[in-house]
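Working notes for the structure below.
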Amino acid sequence: MNLLANHGFLPRNGKNITIPIVLQAAVDGFNLENDAISTAAKAALLSSKMHDQFTINDIKLHNMLEHDGSISRADYALGDNAAFNESLYAVTARSNPGVSYYNGTSAGLAFRERHEHSLAHNPNITNTIKEFQVKTREAAFYLAIMGNATTGEAPKKFVDIFFREERLPLEEGWRRPDLISSESLNRIGVDVATAFQWPGPDPERCPWIVIAPGASDNPKVDGSIF
């Protein structure tokens, strides 16, 4: 969101943002199909007290789009969950050694390391299927936008600028990709999830919630969520 505002695709003051504005900004800036970004846009709106618009500041609301175990921000309980954190991003920056790109596997491994750190240091971690799905989608977004949505590979130099400087790396050679569909993001997300190997929620802190008679009390074990 910050990047889109920095380039003027969203209001530069970060205010009065509506879902249609987000959908158009995602097309203009990233060439994302509406279906690929609509769920995130709706979640952003839920972070606001207003019924039809939100601000960029709103989306730092804990446990909406924002989540623990981020690759670039501190956990809500441990520090500033809105500002870029270089020491945490270093986990991603050193991943996939020996090549010039990140991919679904390196993204999943980076999220796994950050997740394990949060489990060890954050007694208030929120660790549910929602956070897992947000993380895999988030990784698919940056890999597809900064790289190739078919291969799931993105040049490290582009991704690093995307996170560290919150700008499009146009001067470095990045060009707006071919139209990115929800299906292509799903394919990348599978690679991320496979490498992440999320073990499921901690039953002592974030237990599964059974919402129907006969439903599994641990869908991660029986495979009903994947």
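The way I read the labels, and the way they are meant: chains A, B, ... in the order of the structure tokens, residue 1 as the first residue of every chain, and ligand 1 as the first ligand shown, with later ones counted on from there.
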
- Message: Would you pick out the contacts of Phe158 (chain A) at 12 Å or less, using only C-alpha atoms, so that residues sharing its chain but fewer than 2 positions from it are not included, and give the list as an MDAnalysis selection string?
- Response: chainID A and resid 93 100:102 142:148 153:156 160:176

- Give the strand (DSSP E or B) residues of region 61-220 of chain A, as DSSP finds them on the backbone, and put them as an MDAnalysis selection string. chainID A and resid 62 66 101:102 148 153:155 180

Per residue of region 142-199 of chain A within 6 Å of region 31-53 of chain A, record the nearest atom pair and its distance in Å to one decimal, counting only C-alpha atoms, with rows in chain order and ascending residue number, as JSON lines.
{"residue": "A:Leu179", "atom": "CA", "partner": "A:Asn31", "partner_atom": "CA", "distance": 5.1}
{"residue": "A:Ile180", "atom": "CA", "partner": "A:Leu32", "partner_atom": "CA", "distance": 4.8}
{"residue": "A:Ser181", "atom": "CA", "partner": "A:Glu33", "partner_atom": "CA", "distance": 5.4}
{"residue": "A:Ser182", "atom": "CA", "partner": "A:Ala36", "partner_atom": "CA", "distance": 4.3}

Using C-alpha atoms, can you export the residues from the last selection as a short mmCIF file (atom, residue, chain, number, x, y, z; two decimals), in the first residue's frame?
data_model
loop_
_atom_site.label_atom_id
_atom_site.label_comp_id
_atom_site.auth_asym_id
_atom_site.auth_seq_id
_atom_site.Cartn_x
_atom_site.Cartn_y
_atom_site.Cartn_z
CA LEU A 179 -1.46 -9.57 -16.05
CA ILE A 180 -1.24 -11.48 -12.75
CA SER A 181 -4.17 -13.76 -12.01
CA SER A 182 -5.37 -15.27 -8.77
#

- Message: Set the distance at 12 Å and use only C-alpha atoms: which residues neighbour Glu116 (chain A) once local chain neighbours fewer than 2 positions away are removed? I'd like the list as a list in words.
- Response: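 These residues fall inside the cut-off: Asp68, Gly69, Ser70, Ile71, Val91, Leu109, Ala110, Phe111, Arg112, Glu113, Arg114, Ser118, Leu119, Ala120, His121, Asn122, Ile125, Asn127, Phe196, Gln197, Trp198, Pro199 and Asp202 of chain A.
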
- Query: as a PyMOL selection string, which residues of chain A does DSSP assign to alpha helix (DSSP H)?
  - Reply: chain A and resi 2-6+19-30+34-46+86-93+104-121+129-146+156-164+182-196+219-222

- Item | A:Asn81, A:Asn63, A:Asn218, A:Asn2 ranked by distance to Val134 (chain A), top pick (using only C-alpha atoms) |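 Closest residue, counting only C-alpha atoms: A:Asn63.
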
- Between A:Glu183, A:Ile188, A:His7, A:Thr55, smallest distance to Thr105 (chain A) by only C-alpha atoms belongs to A:Ile188

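In this structure, CA of Gly8 (chain A) sits 20.7 Å away from CA of Asp178 (chain A).
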
- Message: If I take CA of Arg137 (chain A) and CA of Gly152 (chain A), how far is one from the other in Å, to one decimal?
- Response: 12.2 Å
